[in-house]
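Chemist: I'm passing along model-v7.tsv; it holds TSV, C-alpha atoms.
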chain	number	residue	atom	x	y	z
N	1	MET	CA	163.75	88.76	123.02
N	2	ASN	CA	163.33	89.46	126.74
N	3	ILE	CA	160.75	92.22	127.11
N	4	ILE	CA	162.71	93.71	130.01
N	5	ALA	CA	165.46	94.70	127.55
N	6	ASN	CA	163.01	95.80	124.86
N	7	ARG	CA	162.76	99.61	124.83
N	8	ASN	CA	159.65	99.40	122.65
N	9	TYR	CA	157.90	97.54	125.46
N	10	TRP	CA	158.76	100.21	128.02
N	11	PHE	CA	157.74	103.10	125.78
N	12	SER	CA	154.50	101.25	124.99
N	13	SER	CA	153.92	100.72	128.69
N	14	GLY	CA	154.53	104.43	129.25
N	15	TYR	CA	151.86	105.29	126.71
N	16	LEU	CA	149.37	102.99	128.40
N	17	ILE	CA	150.02	103.90	132.03
N	18	THR	CA	149.77	107.64	131.41
N	19	PHE	CA	146.74	107.44	129.12
N	20	TYR	CA	144.72	105.25	131.46
N	21	ALA	CA	145.76	107.25	134.53
N	22	ALA	CA	144.62	110.50	132.86
N	23	TRP	CA	141.36	108.87	131.77
N	24	SER	CA	140.63	107.35	135.18
N	25	LEU	CA	141.09	110.64	137.02
N	26	TRP	CA	137.88	112.01	135.51
N	27	TRP	CA	136.12	109.05	133.86
N	28	SER	CA	135.91	106.68	136.85
N	29	PHE	CA	133.55	109.12	138.59
N	30	TYR	CA	131.96	110.61	135.48
N	31	ALA	CA	128.49	109.08	135.98
N	32	ILE	CA	128.50	110.00	139.68
N	33	TRP	CA	129.62	113.54	138.84
N	34	LEU	CA	126.85	113.96	136.26
N	35	LYS	CA	124.16	112.71	138.64
N	36	SER	CA	125.24	114.04	142.03
N	37	LYS	CA	127.09	117.25	141.12
N	38	ILE	CA	125.34	118.31	137.91
N	39	GLY	CA	121.96	116.85	138.94
N	40	LEU	CA	121.03	114.88	135.80
N	41	SER	CA	118.16	112.39	135.76
N	42	GLY	CA	118.50	108.81	134.55
N	43	GLU	CA	117.01	109.82	131.20
N	44	GLN	CA	119.42	112.76	130.84
N	45	LEU	CA	122.32	110.51	131.82
N	46	GLY	CA	121.32	108.14	129.04
N	47	THR	CA	121.22	111.06	126.59
N	48	VAL	CA	124.76	112.09	127.56
N	49	TYR	CA	126.13	108.56	127.08
N	50	ALA	CA	124.30	108.13	123.79
N	51	ALA	CA	125.70	111.43	122.46
N	52	ASN	CA	129.21	110.53	123.61
N	53	SER	CA	128.95	107.18	121.86
N	54	ALA	CA	127.63	108.79	118.66
N	55	ALA	CA	130.60	111.16	118.53
N	56	ALA	CA	132.95	108.30	119.36
N	57	MET	CA	131.74	106.41	116.29
N	58	PHE	CA	132.99	109.14	113.99
N	59	PHE	CA	136.39	109.35	115.65
N	60	MET	CA	136.79	105.58	115.74
N	61	ILE	CA	136.19	105.32	111.99
N	62	PHE	CA	138.60	108.21	111.39
N	63	TYR	CA	141.21	106.89	113.82
N	64	GLY	CA	140.95	103.29	112.60
N	65	ILE	CA	141.28	103.99	108.87
N	66	ILE	CA	144.01	106.62	109.22
N	67	GLN	CA	146.02	104.59	111.75
N	68	ASP	CA	145.93	101.52	109.51
N	69	LYS	CA	147.34	103.71	106.73
N	70	LEU	CA	149.99	105.16	109.06
N	71	GLN	CA	150.73	101.74	110.66
N	72	ILE	CA	153.14	102.93	113.40
N	73	GLY	CA	153.01	106.62	112.48
N	74	LYS	CA	152.07	108.89	115.39
N	75	ALA	CA	150.21	111.83	113.79
N	76	VAL	CA	146.77	110.74	115.01
N	77	ILE	CA	148.03	110.02	118.52
N	78	THR	CA	149.67	113.46	118.63
N	79	PHE	CA	146.29	115.04	117.84
N	80	GLN	CA	144.66	112.90	120.52
N	81	SER	CA	147.28	113.90	123.11
N	82	ILE	CA	146.62	117.61	122.54
N	83	VAL	CA	142.91	117.10	123.20
N	84	MET	CA	143.81	115.15	126.35
N	85	ILE	CA	145.86	118.06	127.70
N	86	LEU	CA	142.87	120.38	127.32
N	87	ILE	CA	140.45	118.08	129.19
N	88	GLY	CA	140.72	119.79	132.60
N	89	PRO	CA	139.94	123.37	131.49
N	90	PHE	CA	137.25	122.09	129.13
N	91	LEU	CA	135.37	120.13	131.81
N	92	ILE	CA	135.55	122.97	134.33
N	93	TYR	CA	135.00	126.10	132.25
N	94	VAL	CA	132.95	124.84	129.27
N	95	TYR	CA	131.25	121.48	129.82
N	96	GLU	CA	129.98	121.85	133.39
N	97	PRO	CA	128.46	125.35	132.97
N	98	LEU	CA	126.76	124.34	129.71
N	99	LEU	CA	125.24	121.16	131.17
N	100	LYS	CA	123.72	123.26	133.94
N	101	SER	CA	122.52	126.19	131.83
N	102	ASP	CA	121.81	124.64	128.41
N	103	PHE	CA	121.86	120.86	128.60
N	104	ILE	CA	121.53	120.05	124.88
N	105	ILE	CA	124.30	122.45	123.80
N	106	GLY	CA	126.55	121.07	126.55
N	107	VAL	CA	125.96	117.52	125.36
N	108	CYS	CA	126.59	118.43	121.70
N	109	ILE	CA	129.83	120.28	122.44
N	110	GLY	CA	131.11	117.84	125.05
N	111	ALA	CA	130.60	114.63	123.10
N	112	PRO	CA	133.19	115.25	120.33
N	113	VAL	CA	135.81	116.58	122.75
N	114	LEU	CA	135.50	113.69	125.22
N	115	SER	CA	135.41	111.20	122.35
N	116	ALA	CA	138.43	112.57	120.49
N	117	GLY	CA	140.61	112.56	123.59
N	118	PHE	CA	139.50	109.55	125.59
N	119	ILE	CA	136.38	107.57	124.65
N	120	SER	CA	137.73	106.82	121.17
N	121	GLY	CA	141.31	107.44	122.28
N	122	CYS	CA	141.40	104.35	124.48
N	123	ALA	CA	140.70	102.13	121.46
N	124	LEU	CA	143.25	104.02	119.37
N	125	ILE	CA	146.04	103.65	121.90
N	126	ASP	CA	145.23	99.96	122.53
N	127	SER	CA	145.29	99.16	118.80
N	128	PHE	CA	148.47	101.18	118.29
N	129	ILE	CA	150.33	99.38	121.09
N	130	GLU	CA	148.95	95.98	120.01
N	131	ARG	CA	150.46	96.58	116.54
N	132	ILE	CA	153.77	97.69	118.11
N	133	SER	CA	153.80	94.49	120.19
N	134	ARG	CA	153.33	92.29	117.10
N	135	LEU	CA	155.97	94.09	115.06
N	136	PHE	CA	158.59	94.53	117.76
N	137	GLY	CA	158.64	91.27	119.68
N	138	PHE	CA	156.50	91.31	122.86
N	139	GLU	CA	153.03	90.24	124.01
N	140	PHE	CA	150.36	92.93	124.22
N	141	GLY	CA	149.02	91.61	127.55
N	142	PRO	CA	152.07	92.48	129.69
N	143	ALA	CA	152.14	95.99	128.17
N	144	ARG	CA	148.38	96.44	128.71
N	145	PHE	CA	149.01	95.49	132.34
N	146	TRP	CA	150.49	98.96	132.83
N	147	GLY	CA	147.35	100.57	131.46
N	148	SER	CA	145.25	98.77	134.05
N	149	PHE	CA	147.81	99.57	136.74
N	150	GLY	CA	147.70	103.27	135.85
N	151	TYR	CA	143.91	103.28	135.85
N	152	ALA	CA	143.82	101.57	139.26
N	153	ALA	CA	146.37	103.88	140.87
N	154	ALA	CA	144.63	106.97	139.53
N	155	THR	CA	141.19	105.71	140.60
N	156	PHE	CA	142.48	105.28	144.15
N	157	VAL	CA	143.55	108.92	144.18
N	158	ALA	CA	140.46	110.09	142.30
N	159	GLY	CA	138.11	108.63	144.92
N	160	ILE	CA	139.73	110.73	147.63
N	161	LEU	CA	139.95	113.92	145.60
N	162	PHE	CA	136.42	113.65	144.22
N	163	GLY	CA	135.00	114.02	147.73
N	164	ILE	CA	137.02	117.23	148.13
N	165	ASP	CA	136.46	118.83	144.72
N	166	PRO	CA	136.03	117.07	141.32
N	167	HIS	CA	137.88	119.97	139.67
N	168	ILE	CA	141.11	118.72	141.25
N	169	ASN	CA	140.65	115.44	139.38
N	170	PHE	CA	140.16	117.33	136.11
N	171	TRP	CA	143.33	119.39	136.51
N	172	MET	CA	145.35	116.28	137.40
N	173	ALA	CA	144.06	114.55	134.27
N	174	SER	CA	145.50	117.37	132.16
N	175	ALA	CA	148.81	117.19	134.03
N	176	VAL	CA	149.19	113.45	133.37
N	177	ALA	CA	148.23	114.05	129.73
N	178	VAL	CA	151.29	116.32	129.41
N	179	ILE	CA	153.48	113.33	130.33
N	180	PHE	CA	151.67	111.24	127.70
N	181	PHE	CA	152.40	113.97	125.14
N	182	ILE	CA	156.13	113.97	126.02
N	183	ILE	CA	156.34	110.18	125.69
N	184	ASN	CA	154.71	110.39	122.28
N	185	LEU	CA	157.20	113.02	121.11
N	186	THR	CA	160.24	111.03	122.21
N	187	PHE	CA	159.20	107.50	121.17
N	188	LYS	CA	160.95	106.14	118.07
N	189	PRO	CA	160.32	102.40	117.50
N	190	LYS	CA	163.50	100.34	117.29
N	191	ARG	CA	163.55	96.95	115.57
N	192	TYR	CA	165.44	94.12	117.25
N	193	PRO	CA	166.89	91.03	115.52
N	194	VAL	CA	164.33	88.22	115.18
N	195	ASP	CA	164.32	84.86	113.45
N	196	ALA	CA	163.60	84.41	109.75
N	197	ASN	CA	159.96	83.36	110.24
N	198	LYS	CA	159.23	86.43	112.33
N	199	ASP	CA	160.93	88.60	109.72
N	200	ARG	CA	158.47	87.32	107.14
N	201	ILE	CA	155.55	87.97	109.48
N	202	ILE	CA	156.73	91.53	110.14
N	203	GLU	CA	157.20	92.16	106.42
N	204	LYS	CA	153.67	90.96	105.70
N	205	THR	CA	151.99	92.88	108.53
N	206	SER	CA	153.94	96.04	107.75
N	207	THR	CA	152.55	96.28	104.21
N	208	ILE	CA	150.25	99.29	104.09
N	209	PRO	CA	146.68	98.20	103.24
N	210	THR	CA	144.73	99.93	100.50
N	211	LEU	CA	141.40	101.65	101.14
N	212	SER	CA	139.65	98.97	99.09
N	213	GLU	CA	141.12	96.29	101.37
N	214	ILE	CA	139.95	98.21	104.43
N	215	PHE	CA	136.41	98.66	103.11
N	216	SER	CA	136.25	95.03	101.96
N	217	LEU	CA	135.71	94.12	105.61
N	218	PHE	CA	132.16	95.41	105.41
N	219	GLY	CA	131.26	92.78	102.83
N	220	MET	CA	132.26	89.85	105.03
N	221	LYS	CA	129.55	87.84	106.79
N	222	LYS	CA	131.86	86.85	109.62
N	223	PHE	CA	132.62	90.53	110.27
N	224	TRP	CA	128.93	91.28	110.81
N	225	LEU	CA	128.45	88.22	113.01
N	226	PHE	CA	131.33	89.51	115.13
N	227	VAL	CA	129.68	92.96	115.25
N	228	PHE	CA	126.36	91.41	116.31
N	229	PHE	CA	128.08	89.62	119.19
N	230	ILE	CA	129.84	92.79	120.35
N	231	ILE	CA	126.65	94.88	120.29
N	232	GLY	CA	124.67	92.22	122.14
N	233	THR	CA	127.23	91.73	124.91
N	234	ASN	CA	129.67	94.56	125.41
N	235	SER	CA	127.16	97.34	124.67
N	236	PHE	CA	124.73	96.21	127.34
N	237	TYR	CA	127.53	95.55	129.79
N	238	THR	CA	129.00	99.01	129.18
N	239	ILE	CA	125.63	100.64	129.94
N	240	TYR	CA	125.39	98.59	133.13
N	241	ASP	CA	128.96	99.22	134.26
N	242	GLN	CA	129.33	102.91	133.39
N	243	GLN	CA	125.83	104.38	133.40
N	244	LEU	CA	124.14	102.42	136.20
N	245	PHE	CA	126.53	100.65	138.55
N	246	PRO	CA	128.46	103.64	140.05
N	247	ASN	CA	125.29	105.31	141.35
N	248	PHE	CA	123.80	101.91	142.28
N	249	TYR	CA	126.82	101.14	144.44
N	250	THR	CA	127.03	104.51	146.19
N	251	SER	CA	123.30	104.31	147.00
N	252	PHE	CA	124.16	101.76	149.71
N	253	PHE	CA	125.87	104.50	151.78
N	254	GLU	CA	124.13	107.06	153.97
N	255	LYS	CA	126.72	109.75	153.22
N	256	ASN	CA	127.60	110.41	149.58
N	257	GLU	CA	131.21	111.20	150.47
N	258	ASP	CA	131.64	107.76	152.08
N	259	GLY	CA	130.21	106.13	148.96
N	260	TYR	CA	132.57	108.04	146.67
N	261	ARG	CA	135.59	107.15	148.77
N	262	VAL	CA	134.77	103.44	149.16
N	263	TYR	CA	133.84	103.14	145.47
N	264	GLY	CA	137.19	104.68	144.59
N	265	TYR	CA	139.03	102.17	146.80
N	266	LEU	CA	137.03	99.26	145.41
N	267	ASN	CA	137.43	100.36	141.80
N	268	SER	CA	141.14	100.80	142.35
N	269	PHE	CA	141.52	97.32	143.87
N	270	GLN	CA	139.45	95.83	141.04
N	271	VAL	CA	141.69	97.39	138.39
N	272	PHE	CA	144.83	96.20	140.22
N	273	LEU	CA	143.41	92.68	139.91
N	274	GLU	CA	142.59	93.43	136.29
N	275	ALA	CA	146.23	94.39	135.73
N	276	ALA	CA	147.39	91.05	137.12
N	277	CYS	CA	144.89	89.23	134.88
N	278	MET	CA	146.28	91.13	131.87
N	279	ILE	CA	149.51	89.20	132.35
N	280	LEU	CA	147.81	85.84	132.85
N	281	ALA	CA	145.02	86.18	130.26
N	282	PRO	CA	147.21	85.66	127.13
N	283	TYR	CA	148.25	82.21	128.36
N	284	PHE	CA	144.63	81.24	129.03
N	285	ILE	CA	143.45	82.58	125.66
N	286	ASN	CA	146.25	80.78	123.79
N	287	LYS	CA	145.24	77.59	125.60
N	288	VAL	CA	141.45	77.61	125.08
N	289	GLY	CA	141.23	79.79	121.96
N	290	ALA	CA	139.89	83.25	121.18
N	291	LYS	CA	136.26	82.23	120.56
N	292	LYS	CA	135.87	80.30	123.81
N	293	SER	CA	137.56	83.13	125.70
N	294	LEU	CA	135.05	85.64	124.29
N	295	LEU	CA	132.16	83.38	125.31
N	296	ILE	CA	133.57	82.93	128.81
N	297	ALA	CA	133.99	86.69	129.17
N	298	ALA	CA	130.34	87.17	128.15
N	299	LEU	CA	129.31	84.60	130.75
N	300	VAL	CA	131.17	86.58	133.43
N	301	MET	CA	129.25	89.69	132.30
N	302	ILE	CA	125.93	87.87	132.75
N	303	CYS	CA	126.85	86.65	136.22
N	304	ARG	CA	127.85	90.11	137.39
N	305	ILE	CA	124.73	91.87	136.03
N	306	ALA	CA	122.29	89.22	137.30
N	307	LEU	CA	123.87	89.03	140.75
N	308	SER	CA	123.68	92.82	141.06
N	309	ALA	CA	119.91	92.49	140.64
N	310	SER	CA	119.52	89.79	143.26
N	311	LEU	CA	121.96	90.84	146.00
N	312	HIS	CA	121.31	93.62	148.51
N	313	ASN	CA	124.41	93.45	150.67
N	314	VAL	CA	127.15	95.99	149.97
N	315	TYR	CA	129.91	93.48	150.77
N	316	LEU	CA	128.57	90.93	148.28
N	317	ILE	CA	127.99	93.67	145.70
N	318	SER	CA	131.63	94.70	146.23
N	319	LEU	CA	132.72	91.12	145.62
N	320	ILE	CA	130.88	90.79	142.30
N	321	LYS	CA	132.33	94.14	141.21
N	322	LEU	CA	135.65	92.29	141.14
N	323	PHE	CA	134.31	90.03	138.37
N	324	HIS	CA	135.17	92.93	136.08
N	325	ALA	CA	138.85	92.16	136.69
N	326	ILE	CA	138.35	88.81	134.96
N	327	GLU	CA	136.00	89.94	132.20
N	328	THR	CA	137.96	92.93	130.86
N	329	PRO	CA	141.34	91.24	130.17
N	330	LEU	CA	139.64	88.19	128.68
N	331	PHE	CA	137.39	90.24	126.43
N	332	ILE	CA	139.92	92.85	125.23
N	333	LEU	CA	142.79	90.44	124.57
N	334	ALA	CA	140.54	87.78	123.06
N	335	VAL	CA	139.09	90.38	120.68
N	336	PHE	CA	142.58	91.12	119.34
N	337	LYS	CA	143.38	87.41	119.05
N	338	TYR	CA	140.07	86.75	117.29
N	339	VAL	CA	140.60	89.66	114.88
N	340	VAL	CA	144.13	88.57	113.93
N	341	ALA	CA	143.02	84.94	113.54
N	342	ASN	CA	139.98	85.70	111.35
N	343	PHE	CA	140.95	88.80	109.37
N	344	ASP	CA	143.92	90.55	107.78
N	345	ALA	CA	146.24	91.56	110.63
N	346	ARG	CA	147.17	94.77	108.78
N	347	LEU	CA	143.61	95.98	109.37
N	348	SER	CA	143.74	95.49	113.14
N	349	SER	CA	143.13	99.17	113.96
N	350	THR	CA	140.04	99.35	111.75
N	351	LEU	CA	138.78	96.03	113.06
N	352	TYR	CA	139.33	96.97	116.69
N	353	LEU	CA	138.01	100.52	116.48
N	354	VAL	CA	135.16	99.82	114.04
N	355	GLY	CA	134.34	96.14	114.57
N	356	PHE	CA	134.68	96.21	118.34
N	357	ASN	CA	134.42	99.76	119.65
N	358	ILE	CA	132.00	101.27	117.15
N	359	SER	CA	129.80	98.21	117.43
N	360	SER	CA	129.74	98.72	121.19
N	361	ASN	CA	128.93	102.38	120.75
N	362	ILE	CA	126.09	101.68	118.31
N	363	GLY	CA	124.51	99.59	121.02
N	364	VAL	CA	125.11	102.28	123.64
N	365	ILE	CA	123.62	104.97	121.38
N	366	ALA	CA	120.53	102.93	120.63
N	367	LEU	CA	120.01	101.65	124.15
N	368	SER	CA	121.31	104.19	126.70
N	369	TRP	CA	118.20	106.35	126.60
N	370	VAL	CA	115.92	103.29	126.63
N	371	VAL	CA	117.77	101.74	129.58
N	372	GLY	CA	117.78	105.09	131.40
N	373	LYS	CA	114.01	105.36	130.89
N	374	LEU	CA	113.55	101.76	132.05
N	375	PHE	CA	115.54	102.52	135.19
N	376	ASP	CA	113.51	105.67	135.94
N	377	ASN	CA	110.32	103.60	135.73
N	378	THR	CA	111.36	100.30	137.34
N	379	GLY	CA	114.57	100.76	139.34
N	380	TYR	CA	117.85	98.89	139.39
N	381	SER	CA	116.72	95.29	139.95
N	382	THR	CA	114.37	94.97	136.97
N	383	THR	CA	116.77	96.84	134.69
N	384	PHE	CA	119.65	94.52	135.62
N	385	TYR	CA	117.55	91.39	135.01
N	386	VAL	CA	116.54	92.65	131.57
N	387	LEU	CA	120.16	93.38	130.61
N	388	ALA	CA	121.38	89.99	131.86
N	389	SER	CA	118.65	88.16	129.90
N	390	ILE	CA	119.56	89.91	126.65
N	391	VAL	CA	123.29	89.17	127.02
N	392	LEU	CA	122.48	85.51	127.77
N	393	PHE	CA	120.46	85.24	124.55
N	394	ILE	CA	123.31	86.75	122.50
N	395	LEU	CA	125.79	84.38	124.14
N	396	ILE	CA	123.73	81.37	123.05
N	397	VAL	CA	123.52	82.68	119.47
N	398	ALA	CA	127.26	83.47	119.37
N	399	THR	CA	128.12	79.90	120.36
N	400	PHE	CA	126.95	78.85	116.89
N	401	THR	CA	127.86	81.94	114.83
N	402	LEU	CA	131.37	83.01	115.88
N	403	THR	CA	134.16	81.34	113.92
N	404	SER	CA	135.94	78.63	115.87
N	405	ASP	CA	139.72	78.52	116.20
N	406	ARG	CA	139.82	75.00	114.79
N	407	LYS	CA	138.06	76.15	111.60
N	408	ASN	CA	140.61	78.95	111.25
N	409	ARG	CA	143.48	76.51	111.36
N	410	LEU	CA	141.85	74.21	108.80
N	411	GLN	CA	141.22	77.12	106.43
N	412	ALA	CA	144.83	78.27	106.76
N	413	GLN	CA	146.19	74.81	105.82
Translate the structure of the given file into structure tokens.

Modeler:
Amino acid sequence: MNIIANRNYWFSSGYLITFYAAWSLWWSFYAIWLKSKIGLSGEQLGTVYAANSAAAMFFMIFYGIIQDKLQIGKAVITFQSIVMILIGPFLIYVYEPLLKSDFIIGVCIGAPVLSAGFISGCALIDSFIERISRLFGFEFGPARFWGSFGYAAATFVAGILFGIDPHINFWMASAVAVIFFIINLTFKPKRYPVDANKDRIIEKTSTIPTLSEIFSLFGMKKFWLFVFFIIGTNSFYTIYDQQLFPNFYTSFFEKNEDGYRVYGYLNSFQVFLEAACMILAPYFINKVGAKKSLLIAALVMICRIALSASLHNVYLISLIKLFHAIETPLFILAVFKYVVANFDARLSSTLYLVGFNISSNIGVIALSWVVGKLFDNTGYSTTFYVLASIVLFILIVATFTLTSDRKNRLQAQ
């Protein structure tokens, strides 16, 4: 049916726009805040990201397995929304003082809170809405558009407010989280009439998987090849994009406040483009296939990282920042398409949170400190070249190891 008349689509979009807006208000300047306001070194920054990723692994396993059992139940998301509401007071009155006075305790306490609400929560909400889209008659891409739109709009505001006082951003994040909580309380999925074939698909994908079926994933070779690809591409790109690039970009400005403001504008514009690509990406992925789309997304990652190492003009650096608007929709949506094509669709939450997000976090945990140390010793340019070279190697390997769409169709016949 027309998604405009589908209330499930609009509720799903409400989930996504409020979650990503709340996340962006504090997360888009998180690395800058840690370095410029808290005063952390590159090595300490790597420790923070590694700890956050370690905590996120636990919550992603918990969220993925429980949500696959609940299917479209909302108990886990309700828990997540409560943590989101508390983010402002936590960052201001607990996390910031501890990072300044007792760094290790601050990291250990902050990691599970940030992970439960947002770092793991983003994967949970994406997988939940992707399942809703399959069961209730709309494409995930147009709904995910609103998540990118919310992130972009909030980043635009966050860049202005951060220069005034980061605490304003934190309080606003909690306020938007209250709206997310209200949407979650009021949403009741409604099924619309569909054709007979779709009815059979819904019946099959609605069957609750057993724990043995969920854990059977870990015995599949193609699952581990998928995990290897994710660690070798998305993990390194995440370190580059979140841990290194924000401070790299603002270093081009004489005044920190100017850098924060311009970075906020640029990040906002980039995510607006990303939102538009969220609508277009499903058509491209359906045309070329999930595997090729993943490889193309990885190629975009390589181009952005390598060009950051070789360019020294802020305008050109700003231009390559916009590559992210192409990479993110391709990668996220192609991951879902690849998962559904290669594995049991009922296990999509486990596959997305464990196979994709936990794999990414394993790489971040193992490599954040190393990359931070490399940066402290060599600087941005060498670090970026090293990251780009590694992702290129993984891309070449994945060309031969990821399962092709054609093979999937032959196996299904």

Chemist: Go through N:Pro112, N:Pro97, N:Gly39, N:Gly363 and flag the residue nearest Met60 of chain N, using all atoms listed in the file for the distances.

Modeler: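 Of all the options, N:Pro112 lies closest to Met60 of chain N.
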
Chemist: Using 10 Å as the limit and counting only C-alpha atoms, can you tabulate each residue of segment 27-131 of chain N that touches segment 374-379 of chain N, with its shortest atom-to-atom distance in Å and the two atoms involved, as a Markdown table?

Modeler:
| residue | atom | partner | partner_atom | distance |
| --- | --- | --- | --- | --- |
| N:Ser41 | CA | N:Asp376 | CA | 8.2 |
| N:Gly42 | CA | N:Asp376 | CA | 6.1 |
| N:Glu43 | CA | N:Asp376 | CA | 7.2 |

Chemist: What does the file look like for those residues with C-alpha atoms, as a PDB file, keeping the file's coordinate frame?

Modeler:
ATOM      1  CA  SER N  41     118.160 112.390 135.760  1.00  0.00           C
ATOM      2  CA  GLY N  42     118.500 108.810 134.550  1.00  0.00           C
ATOM      3  CA  GLU N  43     117.010 109.820 131.200  1.00  0.00           C
TER       4      GLU N  43
END

Chemist: What is the atom CA of Tyr151 of chain N-atom CA of Phe136 of chain N distance in Å, reported with one decimal?

Modeler: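 A separation of 24.9 Å between them.
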
Chemist: Between N:Phe223, N:Phe138, N:Tyr263, N:Phe284, which has the minimum distance to Tyr9 of chain N (counting all atoms listed in the file)?

Modeler: N:Phe138

Chemist: Nearest residue to Asn342 of chain N out of N:Asn361, N:Ser115, N:Thr155, N:Ser404, using only C-alpha atoms?

Modeler: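 The closest residue to Asn342 of chain N is N:Ser404.
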
Chemist: Smallest atom-to-atom distance to Phe62 of chain N: which of N:Ser120, N:Ser101, N:Ser81, N:Ser318, using all atoms listed in the file?

Modeler: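 Closest to Phe62 of chain N, using all atoms listed in the file: N:Ser120.
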
Chemist: Please provide the set of residues having any atom within 10 Å of segment 162-165 of chain N, restricted to all atoms listed in the file, with same-chain residues fewer than 4 positions apart removed, written as a list in words.

Modeler: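 In the requested format, the answer is Leu25, Trp26, Phe29, Ile32, Trp33, Thr155, Val157, Ala158, Asn169, Phe170, Asn256, Glu257, Asp258, Gly259, Tyr260, Arg261 and Gly264 of chain N.
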
Chemist: Given all atoms listed in the file as the basis, pick out the residue of N:Ile394, N:Val314, N:Leu86, N:Leu34 nearest to Ser251 of chain N.

Modeler: N:Val314

Chemist: To one decimal place in Å, what is the distance between atom CA of Asp68 of chain N and atom CA of Thr18 of chain N?

Modeler: 23.1 Å

Chemist: Can you work out which one of N:Ser216, N:Ser148, N:Thr250, N:Thr382 has the shortest atom-to-atom distance to Gln270 of chain N, counting all atoms listed in the file?

Modeler: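 Counting all atoms listed in the file, the residue closest to Gln270 of chain N is N:Ser148.
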
Chemist: Work out how far apart atom CA of Ser235 of chain N and atom CA of Val364 of chain N are and give it in Å to one decimal.

Modeler: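 According to the coordinates, atom CA of Ser235 of chain N and atom CA of Val364 of chain N are separated by 5.4 Å.
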
Chemist: When you look at Gln80 of chain N with a cut-off of 8 Å (counting only C-alpha atoms), what residues show up, excluding the ones that are within fewer than 6 positions of it in the same chain? I need them as a PyMOL selection string.

Modeler: chain N and resi 116-118+121

Chemist: I want to know what sits within 8 Å of Leu395 of chain N, based on all atoms listed in the file, with residues of the same chain fewer than 3 positions away left out; could you give that as a PyMOL selection string?

Modeler: chain N and resi 229+233+295+298-299+391-392+398-399

Chemist: Name the residues in contact with Leu40 of chain N at a cut-off of 10 Å, using only C-alpha atoms, excluding same-chain residues fewer than 5 positions from it; report them as a ChimeraX atom specification.

Modeler: /N:31-35,45-48,99-100,103

Chemist: Env of Ala54 of chain N: 8 Å cut, atoms = all atoms listed in the file, seq-sep filter 2 positions within chain, self excluded. Answer as JSON, numbers by chain.

Modeler: {"N": [50, 51, 52, 56, 57, 58, 111, 361, 362, 365]}

Chemist: Around the point (123.2, 86.8, 113.6) in the file's coordinates, collect all residues with an atom within 10 Å, using all atoms listed in the file, and return them as a count of residues only.

Modeler: 14

Chemist: Within 12 Å of (151.4, 113.5, 135.3) (file coordinates; only C-alpha atoms), which protein or nucleic acid residues are there? I'd like them as a ChimeraX atom specification.

Modeler: /N:14-15,17-23,25,84-85,150,154,169-183

Chemist: Store the residues of this selection in a file with C-alpha atoms, as a compact mmCIF listing (two decimals), in the coordinates of the input.

Modeler:
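What follows is the written file again-v9.txt:
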# COMPACT_ATOMS: atom_id res chain seq x y z
CA GLY N 14 154.53 104.43 129.25
CA TYR N 15 151.86 105.29 126.71
CA ILE N 17 150.02 103.90 132.03
CA THR N 18 149.77 107.64 131.41
CA PHE N 19 146.74 107.44 129.12
CA TYR N 20 144.72 105.25 131.46
CA ALA N 21 145.76 107.25 134.53
CA ALA N 22 144.62 110.50 132.86
CA TRP N 23 141.36 108.87 131.77
CA LEU N 25 141.09 110.64 137.02
CA MET N 84 143.81 115.15 126.35
CA ILE N 85 145.86 118.06 127.70
CA GLY N 150 147.70 103.27 135.85
CA ALA N 154 144.63 106.97 139.53
CA ASN N 169 140.65 115.44 139.38
CA PHE N 170 140.16 117.33 136.11
CA TRP N 171 143.33 119.39 136.51
CA MET N 172 145.35 116.28 137.40
CA ALA N 173 144.06 114.55 134.27
CA SER N 174 145.50 117.37 132.16
CA ALA N 175 148.81 117.19 134.03
CA VAL N 176 149.19 113.45 133.37
CA ALA N 177 148.23 114.05 129.73
CA VAL N 178 151.29 116.32 129.41
CA ILE N 179 153.48 113.33 130.33
CA PHE N 180 151.67 111.24 127.70
CA PHE N 181 152.40 113.97 125.14
CA ILE N 182 156.13 113.97 126.02
CA ILE N 183 156.34 110.18 125.69
